[in-house]
Amino acid sequence: MKKYSGYLLDLDGTMYAGTRIIDGAKEFIQYLADNNLPYLFVTNNASKRPDEVAEKLSNMGFVAHEEHVVTSAMATASYIADEKPGASVYVIGGTGIRKALEDEGIVIKDEEHVDYVVIGLDIDINYEKLSKACLAVRNGAKFISTNPDTSIPTERGFLPGNGALTSVVTVSTGIEPLFIGKPMQTIMNKAVEMIGLDKSELVMIGDLYMTDIMSGINSGIDTLHVQTGVSTYDQVMAEAVPPTYSVKNLLDVIDIYEGK
């Protein structure tokens with residue numbers, strides 16, 4: 001297995017599952033930190049700010065700081081700022097997406113005549129919020145969704161994800177959104193920009209084929225599947241484009257790198 005100059009890492013199913021730390025995850029991050037190998041946690045969660053994501057990881061014992069995190073909210077805000085600086089946006093979502101948009105100088109408006117509609121996971125979603133989003137899209141606003149995840153794993157089980165909320169606006173208006181998060185290239189381009197390395201020097205690590213592994217494949221980045229989450233070894237190897245590597249857990253990678 002190639003030793004890479006930089007590492008892009010999924011969270012759910014790769015670093016932790018709920019409140020349980022996945023075998024080898026903390027040790028692998030410590031190995032990267034000890035060997036001065038740059039890494040970024042790449043998450044589709046747009047509801048949390050990078051510092052909040054880093055704080056959760058730190059509290060679990062991971063070496064994690066705000067600069068180690070890239071979210072679909074950050075990628076969304078960068079995309080809009082590049083396309084139309086100072087744009088007006090109607091947003092559904094939590095503090096993560098709102099902070100990211102404000103940091104890029106984007107104007108958040110609670111009205112139906114805006115340049116963009118952005119949807120991120122919102123646990124306080126209601127009919128009025130969805131109604132305004134639909135009206136704004138019908139009025140010509142460009143429709144963006146932070147990620148296509150239809151469900152999210154929680155302690156209670158799988159709950160509706162951002163893709164499920166987004167589908168309400170899609171079904172009502174007949175307009176498909178531009179998705180930003182994994183497996184799309186937009187969030188990966190943001191990660192590559194932040195880590196400052198060529199794609200050939202990076203590997204994307206994750207458990208779920210359709211988001212984590214496909215995000216690497218779609219972006220021309222090598223992939224490492226960990227058999228610690230949703231997608232099994234047999235499933236990923238049966239895909240038309242399998243991951244570059246698959247391991248039981250990240251302790252295997254440390255052993256390979258150390259020649260054990």
# chains A, B, ... in the order shown; residues from 1 in each chain; ligands from 1
$ closest_atom_pairs --of "range 187-206 of chain A" --to "range 72-88 of chain A" --cutoff "10 Å" --atoms "only C-alpha atoms" --output "CSV"
residue,atom,partner,partner_atom,distance
A:Ile187,CA,A:Ala75,CA,5.2
A:Met188,CA,A:Ala75,CA,8.5
A:Asn189,CA,A:Ala75,CA,8.4
A:Lys190,CA,A:Ala75,CA,5.8
A:Ala191,CA,A:Ala75,CA,8.4
$ select_by_dssp --residues "range 38-241 of chain A" --states "strand (DSSP E or B)" --output "NGL selection string"
:A and (39-43 or 69-71 or 88-92 or 107-108 or 116-119 or 142-145 or 151-154 or 157-160 or 178-179 or 202-206 or 222-226)
$ atom_distance --atom1 "CA of Leu121 in chain A" --atom2 "CA of Tyr90 in chain A"
14.0 Å
$ select_by_dssp --residues "range 222-252 of chain A" --states "alpha helix (DSSP H)" --output "list in words"
Tyr233, Asp234, Gln235, Val236, Met237, Leu250, Leu251 and Asp252 of chain A
$ closest_residue --among "A:Glu67, A:Asp23, A:Glu201, A:Glu258" --to "Gln227 in chain A" --atoms "only C-alpha atoms"
A:Asp23
$ residues_around --residues "range 46-58 of chain A" --least-positions-apart "5" --cutoff "7 Å" --atoms "only C-alpha atoms" --output "PyMOL selection string"
chain A and resi 63-66+69-73+93-97+120-121+146
$ write_last_selection --atoms "all heavy atoms" --output "mmCIF file, in the first residue's frame"
data_model
loop_
_atom_site.group_PDB
_atom_site.id
_atom_site.type_symbol
_atom_site.label_atom_id
_atom_site.label_comp_id
_atom_site.auth_asym_id
_atom_site.auth_seq_id
_atom_site.Cartn_x
_atom_site.Cartn_y
_atom_site.Cartn_z
ATOM 1 N N VAL A 63 -6.857 13.762 17.777
ATOM 2 C CA VAL A 63 -6.094 14.986 17.541
ATOM 3 C C VAL A 63 -6.827 15.744 16.437
ATOM 4 O O VAL A 63 -6.733 15.391 15.261
ATOM 5 C CB VAL A 63 -4.645 14.674 17.108
ATOM 6 C CG1 VAL A 63 -3.877 15.972 16.905
ATOM 7 C CG2 VAL A 63 -3.952 13.779 18.121
ATOM 8 N N ALA A 64 -7.583 16.754 16.827
ATOM 9 C CA ALA A 64 -8.427 17.463 15.860
ATOM 10 C C ALA A 64 -8.578 18.919 16.252
ATOM 11 O O ALA A 64 -8.887 19.238 17.400
ATOM 12 C CB ALA A 64 -9.802 16.804 15.777
ATOM 13 N N HIS A 65 -8.348 19.792 15.267
ATOM 14 C CA HIS A 65 -8.526 21.221 15.439
ATOM 15 C C HIS A 65 -9.401 21.736 14.296
ATOM 16 O O HIS A 65 -9.636 21.032 13.314
ATOM 17 C CB HIS A 65 -7.181 21.936 15.461
ATOM 18 C CG HIS A 65 -6.242 21.402 16.495
ATOM 19 N ND1 HIS A 65 -6.405 21.618 17.847
ATOM 20 C CD2 HIS A 65 -5.138 20.611 16.370
ATOM 21 C CE1 HIS A 65 -5.446 21.013 18.512
ATOM 22 N NE2 HIS A 65 -4.669 20.391 17.640
ATOM 23 N N GLU A 66 -9.858 22.959 14.425
ATOM 24 C CA GLU A 66 -10.763 23.539 13.428
ATOM 25 C C GLU A 66 -10.197 23.443 12.013
ATOM 26 O O GLU A 66 -10.926 23.169 11.054
ATOM 27 C CB GLU A 66 -11.042 24.998 13.782
ATOM 28 C CG GLU A 66 -12.005 25.698 12.858
ATOM 29 C CD GLU A 66 -12.334 27.110 13.307
ATOM 30 O OE1 GLU A 66 -11.919 27.505 14.426
ATOM 31 O OE2 GLU A 66 -13.014 27.826 12.543
ATOM 32 N N VAL A 69 -10.886 20.381 9.557
ATOM 33 C CA VAL A 69 -12.267 20.050 9.173
ATOM 34 C C VAL A 69 -12.703 20.820 7.933
ATOM 35 O O VAL A 69 -12.515 22.038 7.845
ATOM 36 C CB VAL A 69 -13.241 20.367 10.332
ATOM 37 C CG1 VAL A 69 -14.682 20.043 9.924
ATOM 38 C CG2 VAL A 69 -12.853 19.598 11.591
ATOM 39 N N VAL A 70 -13.287 20.089 6.989
ATOM 40 C CA VAL A 70 -13.972 20.730 5.854
ATOM 41 C C VAL A 70 -15.383 20.162 5.783
ATOM 42 O O VAL A 70 -15.571 18.945 5.831
ATOM 43 C CB VAL A 70 -13.215 20.533 4.524
ATOM 44 C CG1 VAL A 70 -13.003 19.070 4.193
ATOM 45 C CG2 VAL A 70 -13.967 21.212 3.376
ATOM 46 N N THR A 71 -16.366 21.039 5.743
ATOM 47 C CA THR A 71 -17.769 20.621 5.731
ATOM 48 C C THR A 71 -18.422 20.971 4.397
ATOM 49 O O THR A 71 -17.924 21.810 3.642
ATOM 50 C CB THR A 71 -18.561 21.326 6.850
ATOM 51 O OG1 THR A 71 -18.674 22.720 6.524
ATOM 52 C CG2 THR A 71 -17.866 21.173 8.205
ATOM 53 N N SER A 72 -19.552 20.336 4.145
ATOM 54 C CA SER A 72 -20.295 20.665 2.922
ATOM 55 C C SER A 72 -20.803 22.104 2.972
ATOM 56 O O SER A 72 -21.015 22.730 1.926
ATOM 57 C CB SER A 72 -21.462 19.691 2.721
ATOM 58 O OG SER A 72 -22.369 19.743 3.803
ATOM 59 N N ALA A 73 -20.973 22.640 4.177
ATOM 60 C CA ALA A 73 -21.377 24.044 4.315
ATOM 61 C C ALA A 73 -20.275 24.972 3.809
ATOM 62 O O ALA A 73 -20.539 25.945 3.093
ATOM 63 C CB ALA A 73 -21.696 24.361 5.773
ATOM 64 N N GLY A 93 -31.331 25.517 7.427
ATOM 65 C CA GLY A 93 -30.187 24.816 8.001
ATOM 66 C C GLY A 93 -29.795 25.384 9.351
ATOM 67 O O GLY A 93 -30.380 26.358 9.831
ATOM 68 N N GLY A 94 -28.756 24.778 9.936
ATOM 69 C CA GLY A 94 -28.301 25.165 11.261
ATOM 70 C C GLY A 94 -27.189 26.199 11.239
ATOM 71 O O GLY A 94 -26.939 26.869 10.228
ATOM 72 N N THR A 95 -26.496 26.305 12.376
ATOM 73 C CA THR A 95 -25.463 27.331 12.521
ATOM 74 C C THR A 95 -24.296 27.109 11.565
ATOM 75 O O THR A 95 -23.662 28.084 11.129
ATOM 76 C CB THR A 95 -24.928 27.355 13.961
ATOM 77 O OG1 THR A 95 -24.405 26.052 14.294
ATOM 78 C CG2 THR A 95 -26.021 27.721 14.942
ATOM 79 N N GLY A 96 -24.011 25.866 11.219
ATOM 80 C CA GLY A 96 -22.875 25.573 10.349
ATOM 81 C C GLY A 96 -22.989 26.231 8.996
ATOM 82 O O GLY A 96 -22.069 26.923 8.542
ATOM 83 N N ILE A 97 -24.124 26.052 8.339
ATOM 84 C CA ILE A 97 -24.298 26.610 6.998
ATOM 85 C C ILE A 97 -24.442 28.130 7.066
ATOM 86 O O ILE A 97 -23.908 28.860 6.214
ATOM 87 C CB ILE A 97 -25.499 25.959 6.251
ATOM 88 C CG1 ILE A 97 -25.601 26.483 4.812
ATOM 89 C CG2 ILE A 97 -26.797 26.149 7.001
ATOM 90 C CD1 ILE A 97 -24.428 26.164 3.938
ATOM 91 N N GLY A 120 -29.624 22.843 3.992
ATOM 92 C CA GLY A 120 -28.783 21.968 4.799
ATOM 93 C C GLY A 120 -29.664 21.321 5.846
ATOM 94 O O GLY A 120 -30.812 21.737 6.051
ATOM 95 N N LEU A 121 -29.143 20.313 6.513
ATOM 96 C CA LEU A 121 -29.955 19.612 7.518
ATOM 97 C C LEU A 121 -30.466 20.585 8.576
ATOM 98 O O LEU A 121 -29.699 21.360 9.139
ATOM 99 C CB LEU A 121 -29.143 18.502 8.177
ATOM 100 C CG LEU A 121 -29.921 17.624 9.157
ATOM 101 C CD1 LEU A 121 -31.013 16.850 8.439
ATOM 102 C CD2 LEU A 121 -28.984 16.668 9.884
ATOM 103 N N THR A 146 -26.735 21.070 0.318
ATOM 104 C CA THR A 146 -25.381 20.797 0.813
ATOM 105 C C THR A 146 -24.956 19.353 0.609
ATOM 106 O O THR A 146 -23.776 19.076 0.436
ATOM 107 C CB THR A 146 -25.247 21.149 2.310
ATOM 108 O OG1 THR A 146 -26.210 20.391 3.057
ATOM 109 C CG2 THR A 146 -25.455 22.632 2.541
#
